[in-house]
Amino acid sequence: MILMSYGPGDIDVRKVQLTGGSTYTLSLPKPWVDEMSLSPRDGVRIDWRPSGALRLTPSDMIDYQEKRVFIDAGKLPKDSLHDHLMGAYLSGVDKIKIRFNPDNYKLFRKQIRRFLRNTRGFEIMDESEKGVELICLINASDMPLSASINRMYLQLSSLTRDIVSVLEGDDLDLISDAEEREAEVDALLYLVERQVCVALDSHLVATSLKLGRNQAVEHSNLARSLERMMDHALQMAELTKASDNQKVTDNQPLISPISVWQRAIKQLMITIRTRDSNEIEEARSSLKQAQTAIMNFEEQLVEGRKLSKKDLFQFRMSESIRRLCAYARDFGEILLNIKMYDEMIIDKSDG
């Protein structure tokens with residue numbers, strides 16, 4: 001018995017036919033042809049997937065399709081416009097139309113400006129006292145995920161390097177822009193998550209990014225790990241700025257594990273390209289040793305005495321350093337996941 005497919009999710013089994021002695025054909029379900037508005041002689045793109053499956057896409061669908069969303073700000077909960085705009089951004093929309101009461105223009109305009117600061121690619125296309133139209137100028141398939149991740153790493157590594165310089169006696173001005181650097185990493189994370197969402201929704205975007213969908217998700221995980229590390233780097237910068245210029249000698253127990261982390265995360269960033277298991281495990285092992293050293297240092301700080309202001313500063317700094325090492329180890333684990341997925345061999349089952 002042959003089942004007819006009437007919509008997405010239905011299953012249809014059809015037999016391969018041999019025509020002309022050398023050509024194999026397979027008929028397409030009529031409901032699908034009608035839904036795709038196909039006519040005789042229309043083109044259909046065929047993608048041969050690594051799993052062995054064939055994916056059919058009408059040629060017309062390969063062209064750019066704009067995704068729009070309309071938001072009536074007046075009907076939203078109080079102060080939630082920014083959150084709704086972020087949701088639209090991360091879901092991959094290309095155009096956002098916002099309507100609001102002219103009396104609330106200044107309030108909503110402030111939230112829209114905040115959204116534009118926190119994201120990359122969106123600009124105001126049209127604006128009036130009754131509404132704003134935003135449009136995305138960045139094509140999700142144009143910017144490789146690796147470029148965004150590398151930019152996040154550069155911001156993170158530069159801030160930690162400057163923190164070490166200040167701990168060693170340099171001027172505090174080196175880390176005066178720590179919040180701006182952290183905001184840049186946040187914006188890049190949102191961009192990566194947006195691209196991954198679009199790639200999961202469109203195999204054409206995934207193909208343009210030269211990443212499988214599993215790889216895309218894991219790259220999002222890499223970006224998330226970097227963002228979490230940046231959160232702790234910002235906390236370290238804020239603690240350093242409020243530390244009243246602790247003596248250089250007092251900070252040596254902190255500088256050593258930071259140096260270990262710096263070497264390890266640099267090594268792990270290189271292995272995104274090389275996929276070297278030995279390098280990954282070496283970096284993760286050094287990070288674990290740094291975690292152990294920092295925990296021993298923390299135990300010595302709190303052992304049998306009341307924490308002084310200097311002790312409290314070092315304890316809070318060490319906690320963030322320990323977190324840096326932990327998230328960097330997670331980063332290495334994600335790289336191993338990517339490597340093993342790429343090396344996986346799928347055998348056809350006889351059962």
# chains A, B, ... in the order shown; residues from 1 in each chain; ligands from 1
>>> residues_around(residues="Arg117 of chain A", least_positions_apart="3", cutoff="10 Å", atoms="only C-alpha atoms", output="ChimeraX atom specification")
/A:111-114,120,122,183-184,187
>>> residues_around(residues="Ala206 of chain A", least_positions_apart="2", cutoff="10 Å", atoms="only C-alpha atoms", output="PyMOL selection string")
chain A and resi 140-141+195-204+208-213+215-216
>>> write_last_selection(atoms="N, CA and C atoms", output="compact mmCIF listing (two decimals), in the first residue's frame")
# COMPACT_ATOMS: atom_id res chain seq x y z
N ALA A 140 23.03 36.97 6.36
CA ALA A 140 23.51 35.96 7.31
C ALA A 140 24.57 35.05 6.72
N SER A 141 24.57 34.89 5.39
CA SER A 141 25.52 33.98 4.76
C SER A 141 26.83 34.65 4.38
N GLN A 195 22.86 34.09 13.12
CA GLN A 195 23.30 33.36 11.93
C GLN A 195 22.99 31.86 12.06
N VAL A 196 23.21 31.31 13.24
CA VAL A 196 22.94 29.89 13.46
C VAL A 196 21.45 29.61 13.30
N CYS A 197 20.61 30.50 13.83
CA CYS A 197 19.17 30.32 13.68
C CYS A 197 18.76 30.32 12.22
N VAL A 198 19.31 31.26 11.45
CA VAL A 198 19.00 31.33 10.02
C VAL A 198 19.52 30.08 9.31
N ALA A 199 20.72 29.62 9.68
CA ALA A 199 21.30 28.43 9.05
C ALA A 199 20.47 27.18 9.33
N LEU A 200 19.92 27.08 10.54
CA LEU A 200 19.08 25.93 10.88
C LEU A 200 17.77 25.96 10.10
N ASP A 201 17.35 27.17 9.74
CA ASP A 201 16.09 27.33 9.01
C ASP A 201 16.28 27.23 7.51
N SER A 202 17.51 27.50 7.04
CA SER A 202 17.77 27.50 5.60
C SER A 202 19.04 26.73 5.29
N HIS A 203 18.89 25.61 4.59
CA HIS A 203 20.07 24.83 4.23
C HIS A 203 20.96 25.59 3.25
N LEU A 204 20.38 26.56 2.52
CA LEU A 204 21.17 27.34 1.58
C LEU A 204 22.15 28.25 2.32
N SER A 208 26.22 28.14 2.38
CA SER A 208 27.05 29.33 2.13
C SER A 208 28.07 29.54 3.23
N LEU A 209 27.70 29.22 4.47
CA LEU A 209 28.62 29.36 5.60
C LEU A 209 29.62 28.21 5.66
N LYS A 210 29.43 27.21 4.79
CA LYS A 210 30.30 26.04 4.72
C LYS A 210 30.34 25.29 6.05
N LEU A 211 29.18 25.19 6.67
CA LEU A 211 29.05 24.47 7.94
C LEU A 211 27.81 23.60 7.91
N GLY A 212 27.95 22.39 8.45
CA GLY A 212 26.77 21.58 8.66
C GLY A 212 25.96 22.18 9.80
N ARG A 213 24.74 21.75 9.95
CA ARG A 213 23.91 22.34 10.99
C ARG A 213 24.41 21.97 12.37
N GLN A 215 27.57 21.53 13.13
CA GLN A 215 28.72 22.41 13.33
C GLN A 215 28.29 23.83 13.68
N ALA A 216 27.20 24.29 13.05
CA ALA A 216 26.71 25.63 13.34
C ALA A 216 26.31 25.77 14.80
>>> residues_around(residues="Lys15 of chain A", least_positions_apart="3", cutoff="9 Å", atoms="only C-alpha atoms", output="MDAnalysis selection string")
chainID A and resid 25:27
>>> residues_around(residues="Lys95 of chain A", least_positions_apart="4", cutoff="9 Å", atoms="only C-alpha atoms", output="PDB file with N, CA and C atoms, in the first residue's frame")
ATOM      1  N   GLU A  66      12.557  37.547   1.961  1.00  0.00           N
ATOM      2  CA  GLU A  66      12.605  38.496   3.083  1.00  0.00           C
ATOM      3  C   GLU A  66      11.662  38.049   4.196  1.00  0.00           C
ATOM      4  N   LYS A  67      12.182  38.128   5.429  1.00  0.00           N
ATOM      5  CA  LYS A  67      11.378  37.782   6.598  1.00  0.00           C
ATOM      6  C   LYS A  67      11.060  39.063   7.360  1.00  0.00           C
ATOM      7  N   ARG A  68       9.780  39.308   7.596  1.00  0.00           N
ATOM      8  CA  ARG A  68       9.344  40.534   8.247  1.00  0.00           C
ATOM      9  C   ARG A  68       8.554  40.218   9.516  1.00  0.00           C
ATOM     10  N   VAL A  69       8.553  41.183  10.427  1.00  0.00           N
ATOM     11  CA  VAL A  69       7.723  41.063  11.618  1.00  0.00           C
ATOM     12  C   VAL A  69       7.171  42.443  11.949  1.00  0.00           C
ATOM     13  N   PHE A  70       5.933  42.469  12.426  1.00  0.00           N
ATOM     14  CA  PHE A  70       5.276  43.721  12.803  1.00  0.00           C
ATOM     15  C   PHE A  70       5.044  43.723  14.302  1.00  0.00           C
ATOM     16  N   PHE A 122      21.469  46.008  11.899  1.00  0.00           N
ATOM     17  CA  PHE A 122      20.182  46.692  11.745  1.00  0.00           C
ATOM     18  C   PHE A 122      20.366  48.208  11.749  1.00  0.00           C
ATOM     19  N   GLU A 133      10.731  51.852  11.153  1.00  0.00           N
ATOM     20  CA  GLU A 133      11.000  50.658  10.348  1.00  0.00           C
ATOM     21  C   GLU A 133      12.498  50.392  10.374  1.00  0.00           C
ATOM     22  N   LEU A 134      12.860  49.169  10.798  1.00  0.00           N
ATOM     23  CA  LEU A 134      14.255  48.754  10.872  1.00  0.00           C
ATOM     24  C   LEU A 134      14.524  47.705   9.802  1.00  0.00           C
ATOM     25  N   ILE A 135      15.716  47.758   9.223  1.00  0.00           N
ATOM     26  CA  ILE A 135      16.083  46.783   8.201  1.00  0.00           C
ATOM     27  C   ILE A 135      17.501  46.286   8.453  1.00  0.00           C
ATOM     28  N   CYS A 136      17.724  45.005   8.203  1.00  0.00           N
ATOM     29  CA  CYS A 136      19.042  44.411   8.397  1.00  0.00           C
ATOM     30  C   CYS A 136      19.852  44.530   7.112  1.00  0.00           C
TER      31      CYS A 136
END
>>> closest_residue(among="A:Met317, A:Gly131, A:Tyr89, A:Val44", to="Asp72 of chain A", atoms="only C-alpha atoms")
A:Gly131
>>> residues_around(residues="Glu281 of chain A", least_positions_apart="3", cutoff="10 Å", atoms="only C-alpha atoms", output="PyMOL selection string")
chain A and resi 264+268+276-278+284-287+329+332-333+336
>>> residues_around(residues="Ser128 of chain A", least_positions_apart="6", cutoff="10 Å", atoms="only C-alpha atoms", output="mmCIF file with N, CA and C atoms, in the first residue's frame")
data_model
loop_
_atom_site.group_PDB
_atom_site.id
_atom_site.type_symbol
_atom_site.label_atom_id
_atom_site.label_comp_id
_atom_site.auth_asym_id
_atom_site.auth_seq_id
_atom_site.Cartn_x
_atom_site.Cartn_y
_atom_site.Cartn_z
ATOM 1 N N ARG A 99 5.040 49.998 15.516
ATOM 2 C CA ARG A 99 4.033 51.057 15.592
ATOM 3 C C ARG A 99 3.811 51.424 17.053
ATOM 4 N N PHE A 100 3.625 52.720 17.325
ATOM 5 C CA PHE A 100 3.363 53.140 18.699
ATOM 6 C C PHE A 100 2.616 54.473 18.705
ATOM 7 N N PRO A 102 2.087 58.315 19.372
ATOM 8 C CA PRO A 102 3.021 59.454 19.367
ATOM 9 C C PRO A 102 3.368 59.958 20.761
ATOM 10 N N TYR A 105 6.527 58.282 22.010
ATOM 11 C CA TYR A 105 7.623 58.255 21.038
ATOM 12 C C TYR A 105 8.995 58.223 21.709
#
>>> closest_residue(among="A:Val217, A:Val205, A:Leu312, A:Leu226", to="Asn337 of chain A", atoms="only C-alpha atoms")
A:Val217
>>> atom_distance(atom1="atom CA of Phe115 of chain A", atom2="atom CA of Lys78 of chain A")
15.9 Å
>>> residues_around(residues="Leu189 of chain A", least_positions_apart="5", cutoff="9 Å", atoms="only C-alpha atoms", output="PDB file with C-alpha atoms, in the first residue's frame")
ATOM      1  CA  SER A 148      32.864  36.565  14.648  1.00  0.00           C
ATOM      2  CA  ILE A 149      34.329  34.029  17.076  1.00  0.00           C
ATOM      3  CA  MET A 152      35.310  37.817  20.271  1.00  0.00           C
ATOM      4  CA  GLU A 184      31.195  44.257  21.607  1.00  0.00           C
ATOM      5  CA  ARG A 194      21.217  34.920  14.707  1.00  0.00           C
ATOM      6  CA  SER A 220      27.212  28.931  18.787  1.00  0.00           C
ATOM      7  CA  ALA A 223      30.703  31.812  21.089  1.00  0.00           C
ATOM      8  CA  ARG A 224      28.669  31.391  24.274  1.00  0.00           C
ATOM      9  CA  LEU A 226      33.756  33.146  25.012  1.00  0.00           C
ATOM     10  CA  GLU A 227      30.951  35.478  26.107  1.00  0.00           C
TER      11      GLU A 227
END
